[in-house]
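Trainee: Contents are compact mmCIF, C-alpha atoms; file name target-v3.txt:
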# COMPACT_ATOMS: atom_id res chain seq x y z
CA MET R 233 123.92 91.69 86.29
CA LEU R 234 121.24 94.14 85.34
CA SER R 235 120.03 95.18 81.99
CA SER R 236 121.91 98.45 82.03
CA GLU R 237 124.58 96.63 80.09
CA ILE R 238 122.10 95.85 77.35
CA THR R 239 121.04 99.42 76.85
CA SER R 240 124.24 101.21 77.72
CA ALA R 241 124.71 104.05 75.30
CA PRO R 242 127.33 102.76 72.81
CA LEU R 243 125.52 99.49 72.27
CA ALA R 244 122.10 101.08 72.22
CA ARG R 245 123.12 103.38 69.42
CA THR R 246 124.09 100.45 67.22
CA LEU R 247 120.81 98.56 67.73
CA GLN R 248 117.84 98.84 65.42
CA PRO R 249 114.82 100.54 67.04
CA SER R 250 112.80 97.31 67.20
CA THR R 251 115.70 95.42 68.77
CA LEU R 252 116.27 98.21 71.25
CA GLU R 253 112.61 98.21 72.21
CA ILE R 254 112.62 94.48 72.88
CA SER R 255 115.85 94.77 74.83
CA PHE R 256 114.48 97.56 77.01
CA ASP R 257 111.26 95.72 77.75
CA GLN R 258 113.17 92.59 78.59
CA ALA R 259 115.59 94.54 80.74
CA PHE R 260 112.69 96.26 82.45
CA ALA R 261 110.98 92.95 83.21
CA ASN R 262 114.19 91.52 84.63
CA LEU R 263 114.81 94.58 86.75
CA PHE R 264 111.23 94.58 88.00
CA ARG R 265 111.45 90.92 89.01
CA GLU R 266 114.73 91.46 90.82
CA ARG R 267 114.23 94.85 92.41
CA PHE R 268 110.53 95.43 92.98
CA PRO R 269 110.42 93.38 96.22
CA MET R 270 113.50 95.18 97.56
CA LEU R 271 112.16 98.60 96.69
CA TYR R 272 108.77 97.76 98.15
CA ARG R 273 110.25 96.51 101.44
CA TYR R 274 112.50 99.54 101.68
CA LEU R 275 109.51 101.85 101.25
CA SER R 276 107.32 99.83 103.57
CA ARG R 277 109.90 99.84 106.35
CA MET R 278 110.56 103.53 105.89
CA SER R 279 106.93 104.63 105.80
CA GLY R 280 105.14 101.94 107.80
CA ASP R 281 102.46 102.08 105.13
CA PRO R 282 102.27 98.96 102.91
CA THR R 283 99.72 100.49 100.55
CA LEU R 284 101.83 103.58 100.02
CA ALA R 285 104.91 101.39 99.53
CA ASP R 286 103.16 99.31 96.90
CA ASP R 287 101.86 102.36 95.05
CA VAL R 288 105.16 104.20 95.15
CA ALA R 289 107.24 101.19 94.13
CA GLN R 290 104.96 100.56 91.16
CA GLU R 291 104.88 104.24 90.24
CA SER R 292 108.68 104.35 90.29
CA PHE R 293 108.88 101.45 87.87
CA LEU R 294 106.21 103.01 85.66
CA ARG R 295 108.27 106.19 85.47
CA LEU R 296 111.27 104.13 84.50
CA HIS R 297 109.25 102.47 81.78
CA ALA R 298 107.99 105.82 80.57
CA ARG R 299 111.60 106.97 80.41
CA GLY R 300 112.18 104.37 77.72
CA SER R 301 115.83 103.67 78.49
CA MET R 302 117.84 102.39 81.40
CA PRO R 303 119.76 104.89 83.51
CA ASP R 304 123.39 104.16 84.34
CA ASP R 305 122.41 102.78 87.72
CA PRO R 306 118.77 101.65 87.53
CA SER R 307 118.48 100.70 91.20
CA ALA R 308 119.82 104.01 92.42
CA TRP R 309 117.55 105.79 89.96
CA LEU R 310 114.52 103.90 91.26
CA ILE R 311 115.38 104.66 94.88
CA SER R 312 115.81 108.37 94.14
CA VAL R 313 112.52 108.53 92.26
CA ALA R 314 110.73 106.61 95.00
CA ASN R 315 112.12 108.93 97.68
CA ASN R 316 110.93 111.95 95.70
CA ILE R 317 107.47 110.50 95.21
CA VAL R 318 107.13 109.78 98.92
CA ARG R 319 108.31 113.28 99.79
CA ASP R 320 105.78 114.83 97.40
CA GLU R 321 103.07 112.51 98.64
CA TYR R 322 103.68 113.54 102.24
CA ARG R 323 103.63 117.20 101.29
CA THR R 324 100.36 116.97 99.44
CA THR R 325 98.65 114.76 102.02
CA ARG R 326 99.74 116.61 105.13
CA ARG R 327 96.73 118.87 105.00
CA ARG R 328 94.47 115.97 104.11
CA GLU R 329 95.80 113.98 107.05
CA LYS R 330 94.97 116.76 109.46
CA LEU R 331 91.40 116.76 108.23
CA LEU R 332 91.30 112.98 108.33
CA ALA R 333 92.66 112.94 111.88
CA ARG R 334 89.90 115.28 112.99
CA TRP R 335 87.35 113.10 111.27
CA LEU R 336 88.72 109.94 112.90
CA VAL R 337 88.62 111.54 116.32
CA ALA R 338 85.02 112.48 115.74
CA GLU R 339 84.25 108.96 114.53
CA ASP R 340 85.97 107.37 117.52
CA ARG R 341 83.88 109.51 119.82
CA SER R 342 80.73 108.56 118.06
CA GLU R 343 81.56 104.85 118.27
CA GLY R 344 82.41 104.87 121.97
CA ALA R 345 85.62 103.41 123.46
CA PRO R 346 87.72 101.78 120.75
CA ALA R 347 88.51 98.08 121.26
CA THR R 348 92.11 98.48 120.17
CA ASP R 349 94.08 97.28 123.20
CA ALA R 350 95.18 94.06 121.53
CA ARG R 351 96.21 95.87 118.38
CA LEU R 352 98.15 98.43 120.37
CA LEU R 353 100.02 95.72 122.26
CA THR R 354 100.84 93.89 119.07
CA GLY R 355 102.22 97.01 117.48
CA GLU R 356 104.02 98.29 120.55
CA ARG R 357 107.35 96.72 119.70
CA GLU R 358 107.19 97.90 116.13
CA ALA R 359 106.27 101.36 117.33
CA THR R 360 109.27 101.43 119.64
CA ILE R 361 111.59 100.43 116.82
CA ARG R 362 110.04 103.01 114.54
CA ARG R 363 110.41 105.68 117.21
CA ALA R 364 114.07 104.80 117.63
CA LEU R 365 114.60 104.85 113.89
CA GLY R 366 112.86 108.20 113.73
CA GLU R 367 115.47 109.65 116.04
CA LEU R 368 118.10 109.18 113.33
CA ARG R 369 118.73 111.56 110.47
CA LEU R 370 116.63 110.74 107.44
CA ARG R 371 119.75 109.90 105.47
CA ASP R 372 120.83 107.38 108.11
CA GLN R 373 117.38 105.80 108.22
CA ARG R 374 117.51 105.33 104.48
CA LEU R 375 121.06 104.08 104.63
CA LEU R 376 120.27 101.38 107.18
CA ILE R 377 117.13 100.16 105.50
CA LEU R 378 118.58 100.19 102.00
CA ARG R 379 121.48 98.11 103.19
CA HIS R 380 119.15 95.87 105.13
CA GLU R 381 117.28 95.22 101.88
CA GLY R 382 120.49 94.21 100.16
CA PHE R 383 121.26 97.23 97.98
CA SER R 384 124.95 97.48 97.26
CA TYR R 385 127.21 100.20 98.64
CA ARG R 386 127.53 101.62 95.12
CA GLU R 387 123.74 101.79 94.66
CA ILE R 388 123.22 103.33 98.09
CA ALA R 389 125.92 105.91 97.51
CA GLU R 390 124.44 106.87 94.15
CA ALA R 391 120.87 107.04 95.47
CA LEU R 392 121.72 109.06 98.57
CA GLY R 393 124.39 111.23 96.98
CA ILE R 394 127.24 110.18 99.24
CA ALA R 395 130.74 108.95 98.47
CA PRO R 396 130.90 105.17 98.03
CA ALA R 397 133.97 105.02 100.25
CA SER R 398 132.05 106.55 103.15
CA VAL R 399 129.13 104.08 103.12
CA GLY R 400 130.84 101.60 105.45
CA THR R 401 131.71 104.28 108.01
CA LEU R 402 128.25 105.85 107.88
CA LEU R 403 126.67 102.43 108.32
CA VAL R 404 128.78 101.77 111.41
CA ARG R 405 127.71 105.08 112.96
CA ALA R 406 124.04 104.70 112.08
CA THR R 407 123.97 101.12 113.34
CA ALA R 408 125.58 102.09 116.65
CA ALA R 409 123.23 105.04 117.02
CA LEU R 410 120.09 102.98 116.40
CA SER R 411 121.23 100.26 118.80
CA LYS R 412 121.90 102.83 121.50
CA ILE R 413 118.62 104.71 121.06
CA TYR R 414 116.59 101.52 120.99
CA ARG R 415 118.31 100.23 124.12
CA GLU R 416 117.63 103.49 125.93
CA GLN R 417 114.00 103.52 124.91
CA THR R 418 113.35 99.95 125.99
CA HIS R 419 115.18 100.48 129.31
CA ALA R 420 113.22 103.65 129.94
CA SER R 421 109.92 101.84 129.45
CA ASP R 422 110.89 98.90 131.74
CA MET C 228 147.92 100.84 112.56
CA HIS C 229 144.43 99.35 112.70
CA PRO C 230 141.95 99.47 109.83
CA THR C 231 138.91 101.72 110.37
CA GLU C 232 135.56 100.43 111.53
CA GLY C 233 134.22 101.42 108.14
CA ALA C 234 136.67 99.06 106.50
CA TRP C 235 135.61 96.25 108.83
CA ARG C 236 131.98 96.92 108.02
CA GLU C 237 132.84 96.55 104.34
CA VAL C 238 134.35 93.19 105.17
CA LEU C 239 131.22 92.15 107.05
CA ASP C 240 129.02 93.23 104.15
CA ARG C 241 131.34 91.62 101.56
CA GLU C 242 131.74 95.01 99.92
CA ALA C 243 135.52 95.35 100.35
CA ASP C 244 137.47 95.16 97.13
CA PRO C 245 139.60 91.99 96.84
CA ALA C 246 142.94 93.68 97.51
CA LEU C 247 141.68 95.35 100.68
CA GLN C 248 139.99 92.14 101.74
CA THR C 249 143.31 90.27 101.53
CA ASP C 250 145.09 92.91 103.61
CA LEU C 251 142.35 92.93 106.23
CA ASP C 252 142.26 89.15 106.47
CA SER C 253 145.98 89.18 107.02
CA HIS C 254 145.72 91.86 109.72
CA LEU C 255 142.89 90.08 111.44
CA SER C 256 144.86 86.89 111.73
CA TYR C 257 147.18 88.39 114.35
CA CYS C 258 145.29 91.45 115.78
CA ALA C 259 143.14 90.56 118.78
CA GLU C 260 141.88 94.15 119.09
CA CYS C 261 140.51 94.15 115.55
CA GLN C 262 139.01 90.72 116.10
CA THR C 263 137.05 92.24 118.99
CA THR C 264 136.08 95.24 116.88
CA LEU C 265 134.84 92.98 114.10
CA ALA C 266 132.82 90.87 116.55
CA THR C 267 131.25 93.99 118.07
CA LEU C 268 130.36 95.39 114.67
CA ARG C 269 128.87 92.05 113.61
CA HIS C 270 126.79 91.90 116.79
CA GLN C 271 125.50 95.46 116.29
CA ARG C 272 124.71 94.84 112.65
CA ASP C 273 122.83 91.63 113.44
CA SER C 274 120.89 93.35 116.25
CA VAL C 275 119.81 96.13 113.93
CA THR C 276 118.93 93.61 111.24
CA GLY C 277 116.66 91.93 113.79
CA LEU C 278 114.99 95.24 114.59
CA LEU C 279 114.49 96.32 111.00
CA GLU C 280 113.12 92.92 110.09
CA GLN C 281 110.16 93.64 112.35
CA LEU C 282 109.15 96.68 110.33
CA GLY C 283 106.93 95.87 107.38
CA GLY C 284 105.97 92.59 105.82
CA PRO C 285 106.80 90.73 102.63
CA ALA C 286 106.32 92.36 99.25
CA PRO C 287 103.10 91.64 97.38
CA ALA C 288 103.38 89.50 94.27
CA ARG C 289 103.75 91.87 91.35
CA ASN C 290 105.10 91.51 87.86
CA ALA C 291 106.05 94.05 85.24
CA ALA C 292 103.40 93.11 82.68
CA GLU C 293 100.56 93.25 85.20
CA THR C 294 101.74 96.58 86.59
CA LEU C 295 102.03 98.15 83.14
CA HIS C 296 98.65 96.77 82.11
CA ARG C 297 96.93 98.07 85.22
CA ALA C 298 98.56 101.45 84.82
CA ALA C 299 97.33 101.67 81.24
CA ARG C 300 93.79 100.82 82.35
CA THR C 301 93.93 103.29 85.23
CA SER C 302 95.28 105.97 82.95
CA ALA C 303 92.45 105.45 80.48
CA ARG C 304 89.90 105.53 83.29
CA ARG C 305 91.45 108.70 84.67
CA ARG C 306 91.31 110.37 81.26
CA MET C 307 87.65 109.43 80.87
CA LEU C 308 86.83 110.54 84.38
CA ALA C 309 88.65 113.83 83.89
CA ALA C 310 86.84 114.49 80.63
CA ALA C 311 83.49 113.61 82.16
CA THR C 312 84.21 115.79 85.18
CA ILE C 313 85.14 118.73 82.99
CA ALA C 314 82.01 118.27 80.92
CA LEU C 315 79.79 118.02 83.98
CA CYS C 316 81.46 121.03 85.59
CA LEU C 317 80.89 123.11 82.49
CA ALA C 318 77.29 122.05 82.31
CA THR C 319 76.80 122.64 86.03
CA ALA C 320 78.37 126.05 85.76
CA ALA C 321 75.63 126.94 83.36
CA GLY C 322 73.12 125.38 85.69
CA ALA C 323 72.26 122.94 82.96
CA THR C 324 70.27 119.79 83.27
CA VAL C 325 69.78 118.38 79.86
CA ARG C 326 66.26 117.22 79.47
CA ALA C 327 67.27 114.23 77.41
CA GLY C 328 69.50 113.06 80.25
CA LEU C 329 72.97 114.55 80.55
CA LEU C 330 74.47 111.60 82.36
CA GLY C 331 73.32 109.24 79.68
CA ARG C 332 75.13 111.37 77.18
CA VAL C 333 78.53 111.54 78.79
CA GLY C 334 79.79 109.62 75.78
CA ASP C 335 78.91 112.62 73.62
CA PHE C 336 81.01 114.88 75.86
CA LEU C 337 83.96 112.53 75.73
CA ARG C 338 84.22 112.66 71.96
CA PRO C 339 86.91 115.11 70.86
CA ASP C 340 84.51 116.80 68.48
CA PRO C 341 82.09 118.55 68.96
CA SER C 342 82.98 120.86 71.82
CA PRO C 343 82.28 119.67 75.37
CA THR C 344 79.43 122.10 75.94
CA SER C 345 77.48 121.19 72.85
CA ILE C 346 74.43 119.11 73.62
CA ALA C 347 73.29 116.54 71.15
CA PRO C 348 69.69 116.46 70.05
CA ALA C 349 67.46 114.12 71.94
CA ALA C 350 65.95 111.18 70.19
CA GLN C 351 62.38 110.35 71.04
CA ALA C 352 62.20 106.75 72.01
CA SER C 353 58.55 106.46 71.07
CA THR C 354 59.22 106.90 67.39
CA GLY C 355 62.67 105.41 67.25
CA ALA C 356 63.85 108.35 65.16
CA PRO C 357 65.06 111.76 66.28
CA THR C 358 62.21 114.18 65.83
CA SER C 359 62.86 116.88 68.39
CA SER C 360 65.51 118.15 70.75
CA GLY C 361 65.81 120.38 73.74
CA VAL C 362 67.70 121.56 76.74
CA ALA C 363 66.55 122.56 80.21
CA PHE C 364 68.28 123.81 83.34
CA ASP C 365 67.77 125.77 86.52
CA ALA C 366 67.76 129.28 85.24
CA PRO C 367 70.32 131.83 86.41
CA ALA C 368 69.15 135.41 86.98
CA ARG C 369 70.71 136.46 83.71
CA LEU C 370 70.18 134.52 80.52
CA GLU C 371 70.74 134.94 76.83
CA VAL C 372 69.37 132.80 74.03
CA ALA C 373 70.97 133.24 70.64
CA PHE C 374 69.65 131.75 67.43
CA GLN C 375 72.34 131.69 64.80
CA GLU C 376 70.15 132.86 61.93
CA TRP C 377 66.71 133.53 60.59
CA GLN C 378 65.00 130.62 58.87
CA GLY C 379 62.84 130.03 55.84
CA GLU C 380 59.98 129.02 58.13
CA GLY C 381 59.13 128.28 61.75
CA GLU C 382 58.53 130.42 64.82
CA ILE C 383 59.63 130.97 68.38
CA VAL C 384 57.02 130.72 71.10
CA ILE C 385 58.14 132.34 74.34
CA VAL C 386 56.25 131.27 77.44
CA LEU C 387 56.71 133.07 80.75
CA SER C 388 56.53 130.55 83.56
CA THR C 389 56.53 130.41 87.33
CA GLU C 390 58.65 127.22 87.14
CA PRO C 391 62.34 127.64 88.07
CA LYS C 392 63.66 125.81 85.02
CA PHE C 393 64.50 127.42 81.74
CA SER C 394 63.90 125.20 78.73
CA ILE C 395 63.99 125.32 75.02
CA SER C 396 62.75 122.65 72.67
CA ALA C 397 62.66 122.37 68.91
CA SER C 398 60.34 120.50 66.58
CA SER C 399 63.31 118.87 64.83
CA PRO C 400 66.76 117.78 65.96
CA LEU C 401 69.53 120.32 66.18
CA GLY C 402 72.41 121.25 68.42
CA TYR C 403 72.73 123.60 71.34
CA SER C 404 75.59 124.85 73.39
CA VAL C 405 75.27 126.18 76.90
CA ARG C 406 77.98 128.35 78.37
CA ARG C 407 77.80 130.78 81.25
CA GLY C 408 74.13 131.52 80.97
CA LYS C 409 74.18 131.75 77.20
CA VAL C 410 72.35 129.21 75.10
CA THR C 411 73.28 129.11 71.45
CA VAL C 412 70.78 127.43 69.18
CA LYS C 413 72.56 125.97 66.20
CA ASN C 414 69.74 126.47 63.76
CA ARG C 415 71.79 127.20 60.67
CA GLY C 416 69.83 125.82 57.72
CA GLY C 417 66.99 124.66 60.00
CA ARG C 418 63.24 124.90 59.57
CA ALA C 419 62.09 124.04 63.09
CA SER C 420 59.79 125.88 65.44
CA TYR C 421 60.87 126.49 69.03
CA ARG C 422 59.26 126.77 72.41
CA VAL C 423 61.19 128.80 74.98
CA THR C 424 60.01 128.56 78.58
CA LEU C 425 61.36 131.53 80.47
CA PRO C 426 61.02 131.56 84.27
CA LEU C 427 59.81 134.77 85.81
CA SER C 428 62.79 134.53 88.15
CA VAL C 429 65.05 135.50 85.24
CA THR C 430 65.22 139.25 85.61
CA ASP C 431 67.64 139.86 82.75
CA ALA C 432 66.72 137.84 79.69
CA SER C 433 67.51 138.38 76.06
CA ILE C 434 66.58 136.41 72.96
CA ARG C 435 68.46 137.19 69.77
CA VAL C 436 68.23 136.00 66.21
CA ALA C 437 71.31 136.58 64.06
CA ASP C 438 72.57 139.11 66.63
CA GLN C 439 69.32 141.05 66.55
CA GLU C 440 67.50 141.25 69.87
CA VAL C 441 63.93 140.10 69.38
CA PHE C 442 62.86 139.74 73.00
CA SER C 443 64.15 141.17 76.25
CA ARG C 444 63.00 141.20 79.83
CA ARG C 445 64.70 143.58 82.24
CA GLY C 446 63.13 143.39 85.66
CA THR C 447 59.42 143.26 84.87
CA THR C 448 59.68 145.21 81.63
CA ILE C 449 59.41 143.30 78.39
CA HIS C 450 60.45 144.62 75.01
CA THR C 451 59.73 142.40 72.07
CA GLN C 452 58.77 142.30 68.45
CA ALA C 453 56.78 139.16 69.12
CA LYS C 454 53.02 139.09 69.39
CA ALA C 455 51.46 138.39 72.78
CA ASP C 456 48.61 135.88 72.66
CA GLY C 457 46.95 136.98 75.88
CA ALA C 458 47.84 133.74 77.67
CA GLY C 459 51.33 134.82 78.72
CA SER C 460 53.00 133.59 75.53
CA TYR C 461 54.72 135.49 72.74
CA HIS C 462 54.97 134.33 69.13
CA LEU C 463 57.78 135.41 66.85
CA PRO C 464 57.99 134.26 63.21
CA LEU C 465 61.43 133.10 62.20
CA SER C 466 60.71 133.41 58.49
CA GLN C 467 62.30 136.04 56.35
CA ALA C 468 59.21 138.14 56.89
CA GLY C 469 59.97 138.13 60.58
CA ARG C 470 63.14 140.10 59.96
CA LYS C 471 61.15 143.03 58.82
CA LEU C 472 59.44 143.51 62.11
CA PRO C 473 59.91 147.05 63.36
What do you get writing this file as structure tokens?

Mentor:
Amino acid sequence: MLSSEITSAPLARTLQPSTLEISFDQAFANLFRERFPMLYRYLSRMSGDPTLADDVAQESFLRLHARGSMPDDPSAWLISVANNIVRDEYRTTRRREKLLARWLVAEDRSEGAPATDARLLTGEREATIRRALGELRLRDQRLLILRHEGFSYREIAEALGIAPASVGTLLVRATAALSKIYREQTHASD
Amino acid sequence: MHPTEGAWREVLDREADPALQTDLDSHLSYCAECQTTLATLRHQRDSVTGLLEQLGGPAPARNAAETLHRAARTSARRRMLAAATIALCLATAAGATVRAGLLGRVGDFLRPDPSPTSIAPAAQASTGAPTSSGVAFDAPARLEVAFQEWQGEGEIVIVLSTEPKFSISASSPLGYSVRRGKVTVKNRGGRASYRVTLPLSVTDASIRVADQEVFSRRGTTIHTQAKADGAGSYHLPLSQAGRKLP
């Protein structure tokens, strides 16, 4: 399916350097075409930040390209790298966000009452879903969204460091938990 | 015995291996309880799919070649910006404002050689050929000017000034470096004359030629081998004869 077969170690060792280089670039292009949208959507749904998702997804692929060879499971590798980048990004921006939040508050005050009612209403449903999702363990959030994006059980297990045989069971539990929390939240707000 | 919910989820997601799938299909054909379980799991999965679908939009159109190309461009820009920032920081640390226009000479700083703090001689646009050079900056309280060596000819004119900027100019092109309040005049093999404008705000100033101090100002006290001209300027020959000053 993916190019990992092309650059798997035994074959790669028998290829001439120029052939290997072409194979890797071709494999990279194929992987990018197939997996970039999935990785982007996973990151976007997890973070709620399309710009961050775009940057992180591209950065993950760039790191793969810089690596120069395909890992055993390229999709799982990309997910792991993307998760690490997001984690680091949140760490480094936490302080910046606090400053930014203060600045925005000051700006809002200076501009009078914000005309954001319509925007708030539009995003209310999404916010409720995100709140419900946020009640789950981080691993379960990732699990649900990765599966939603079509990553295979094997890829999810590899990326999240769980046993492949347990993915189905964990998905059942996470799905039931999210349904329950969302139902409770929407009933509470009615 | 009934299969687990996890196994049924694998069936729903088409992730069950073929042998298990066959067994489960067989079980399902006669087990009403598992049929209910499967329907419940499908309903929950589809509900959650509907929820997750509302988070985030479609992926932007990207391709590998474009991403790699943009990254290469960004990387090059970052390297240039980093180099320029370092150069400007170093110059700022010395309080330097190059008379010839530091910003216009960022390209000189970005070259790997010479060192980032060296300042290229200024070309005079009026003649089209480089005829003089100089450097000027807001003077720190402590300053040292070091000429690398004595010359066959030429002189240093030191002018005490109420202006806040220190400056040095030469009658012919040569290099300078500015680092932490120390200006090194790269006059090796040169024959130029120099004009040093020293602000009175500099309370600890030293001018050296080939490691020999030829002018110093500590507080308001001046020690020098140069001759005062009565107009607030001091003249110091850079010729070999100048070395023999007491």

Trainee: Would you work out the distance separating CA of Glu280 in chain C from CA of Asn262 in chain R, expressed in Å to one decimal?

Mentor: 25.5 Å

Trainee: Using all atoms listed in the file, which of C:Asp273, C:Glu242, C:Glu371, C:Asp252 sits nearest Leu376 in chain R?

Mentor: C:Asp273

Trainee: Please check the contacts: residues of chain C at most 6 Å away from chain R, using only C-alpha atoms, listed as a ChimeraX atom specification.

Mentor: /C:233,236-237,282-283,286,291

Trainee: How would the residues just picked look written out with C-alpha atoms as a compact mmCIF listing (two decimals), in the frame of the given file?

Mentor:
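This is the output file result39.txt:
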# COMPACT_ATOMS: atom_id res chain seq x y z
CA GLY C 233 134.22 101.42 108.14
CA ARG C 236 131.98 96.92 108.02
CA GLU C 237 132.84 96.55 104.34
CA LEU C 282 109.15 96.68 110.33
CA GLY C 283 106.93 95.87 107.38
CA ALA C 286 106.32 92.36 99.25
CA ALA C 291 106.05 94.05 85.24

Trainee: Which protein, DNA or RNA residues are at most 9 Å from (75.1, 129.6, 72.6) in the file's coordinates when you count all atoms listed in the file, listed as a ChimeraX atom specification?

Mentor: /C:345,371-375,403-406,408-413

Trainee: Of the candidates C:Arg415, C:Arg305, C:Arg422, C:Lys454, which shows the shortest atom-to-atom distance to Val436 in chain C, using all atoms listed in the file?

Mentor: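 Nearest candidate to Val436 in chain C out of C:Arg415, C:Arg305, C:Arg422, C:Lys454: C:Arg415.
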
Trainee: Would you kindly return, as a PyMOL selection string, each protein, DNA or RNA residue with an atom no farther than 12 Å from any atom of Arg445 in chain C, considering only C-alpha atoms and excluding same-chain residues fewer than 6 positions away?

Mentor: chain C and resi 368-371+427-434+451

Trainee: Counting only C-alpha atoms, which of R:Arg371, R:Ala259, R:Ile413, R:Arg267 gets nearest to Ala308 in chain R?

Mentor: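 Going through R:Arg371, R:Ala259, R:Ile413, R:Arg267 one by one, the smallest distance to Ala308 in chain R is for R:Arg267.
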
Trainee: Could you give me, as a VMD selection string, the residues within 10 Å of Ile311 in chain R, counting all atoms listed in the file and dropping anything in the same chain fewer than 6 positions from it?

Mentor: chain R and resid 271 274 to 275 289 292 317 374 378 383 387 to 388 390 to 392

Trainee: Please, what distance in Å, to one decimal, runs between CA of Gln271 in chain C and CA of Glu356 in chain R?

Mentor: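 The value is 22.1 Å.
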
Trainee: From the options C:Tyr257, C:Tyr421, C:Phe442, C:Trp235, which residue's atoms come nearest to Ser360 in chain C, counting all atoms listed in the file?

Mentor: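 Smallest distance to Ser360 in chain C is found for C:Tyr421.
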
Trainee: May I ask for the distance between CA of Phe256 in chain R and CA of Val318 in chain R, given in Å to one decimal place?

Mentor: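 The value is 26.1 Å.
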
Trainee: N, CA and C atoms are needed for range 373-384 of chain R; please write them out as an mmCIF file, keeping the file's coordinate frame.

Mentor:
data_model
loop_
_atom_site.group_PDB
_atom_site.id
_atom_site.type_symbol
_atom_site.label_atom_id
_atom_site.label_comp_id
_atom_site.auth_asym_id
_atom_site.auth_seq_id
_atom_site.Cartn_x
_atom_site.Cartn_y
_atom_site.Cartn_z
ATOM 1 N N GLN R 373 118.483 106.769 108.284
ATOM 2 C CA GLN R 373 117.380 105.800 108.220
ATOM 3 C C GLN R 373 117.394 105.092 106.868
ATOM 4 N N ARG R 374 117.508 105.905 105.829
ATOM 5 C CA ARG R 374 117.510 105.330 104.480
ATOM 6 C C ARG R 374 118.703 104.394 104.288
ATOM 7 N N LEU R 375 119.819 104.857 104.759
ATOM 8 C CA LEU R 375 121.060 104.080 104.630
ATOM 9 C C LEU R 375 120.892 102.696 105.250
ATOM 10 N N LEU R 376 120.413 102.646 106.474
ATOM 11 C CA LEU R 376 120.270 101.380 107.180
ATOM 12 C C LEU R 376 119.285 100.450 106.480
ATOM 13 N N ILE R 377 118.159 101.024 106.073
ATOM 14 C CA ILE R 377 117.130 100.160 105.500
ATOM 15 C C ILE R 377 117.521 99.704 104.087
ATOM 16 N N LEU R 378 118.133 100.601 103.335
ATOM 17 C CA LEU R 378 118.580 100.190 102.000
ATOM 18 C C LEU R 378 119.584 99.045 102.099
ATOM 19 N N ARG R 379 120.495 99.178 103.042
ATOM 20 C CA ARG R 379 121.480 98.110 103.190
ATOM 21 C C ARG R 379 120.813 96.827 103.688
ATOM 22 N N HIS R 380 119.872 97.019 104.607
ATOM 23 C CA HIS R 380 119.150 95.870 105.130
ATOM 24 C C HIS R 380 118.445 95.112 103.995
ATOM 25 N N GLU R 381 117.979 95.858 103.000
ATOM 26 C CA GLU R 381 117.280 95.220 101.880
ATOM 27 C C GLU R 381 118.240 94.639 100.848
ATOM 28 N N GLY R 382 119.516 94.851 101.040
ATOM 29 C CA GLY R 382 120.490 94.210 100.160
ATOM 30 C C GLY R 382 120.994 95.068 99.016
ATOM 31 N N PHE R 383 120.692 96.359 99.019
ATOM 32 C CA PHE R 383 121.260 97.230 97.980
ATOM 33 C C PHE R 383 122.758 97.360 98.231
ATOM 34 N N SER R 384 123.497 97.434 97.144
ATOM 35 C CA SER R 384 124.950 97.480 97.260
ATOM 36 C C SER R 384 125.415 98.864 97.731
#
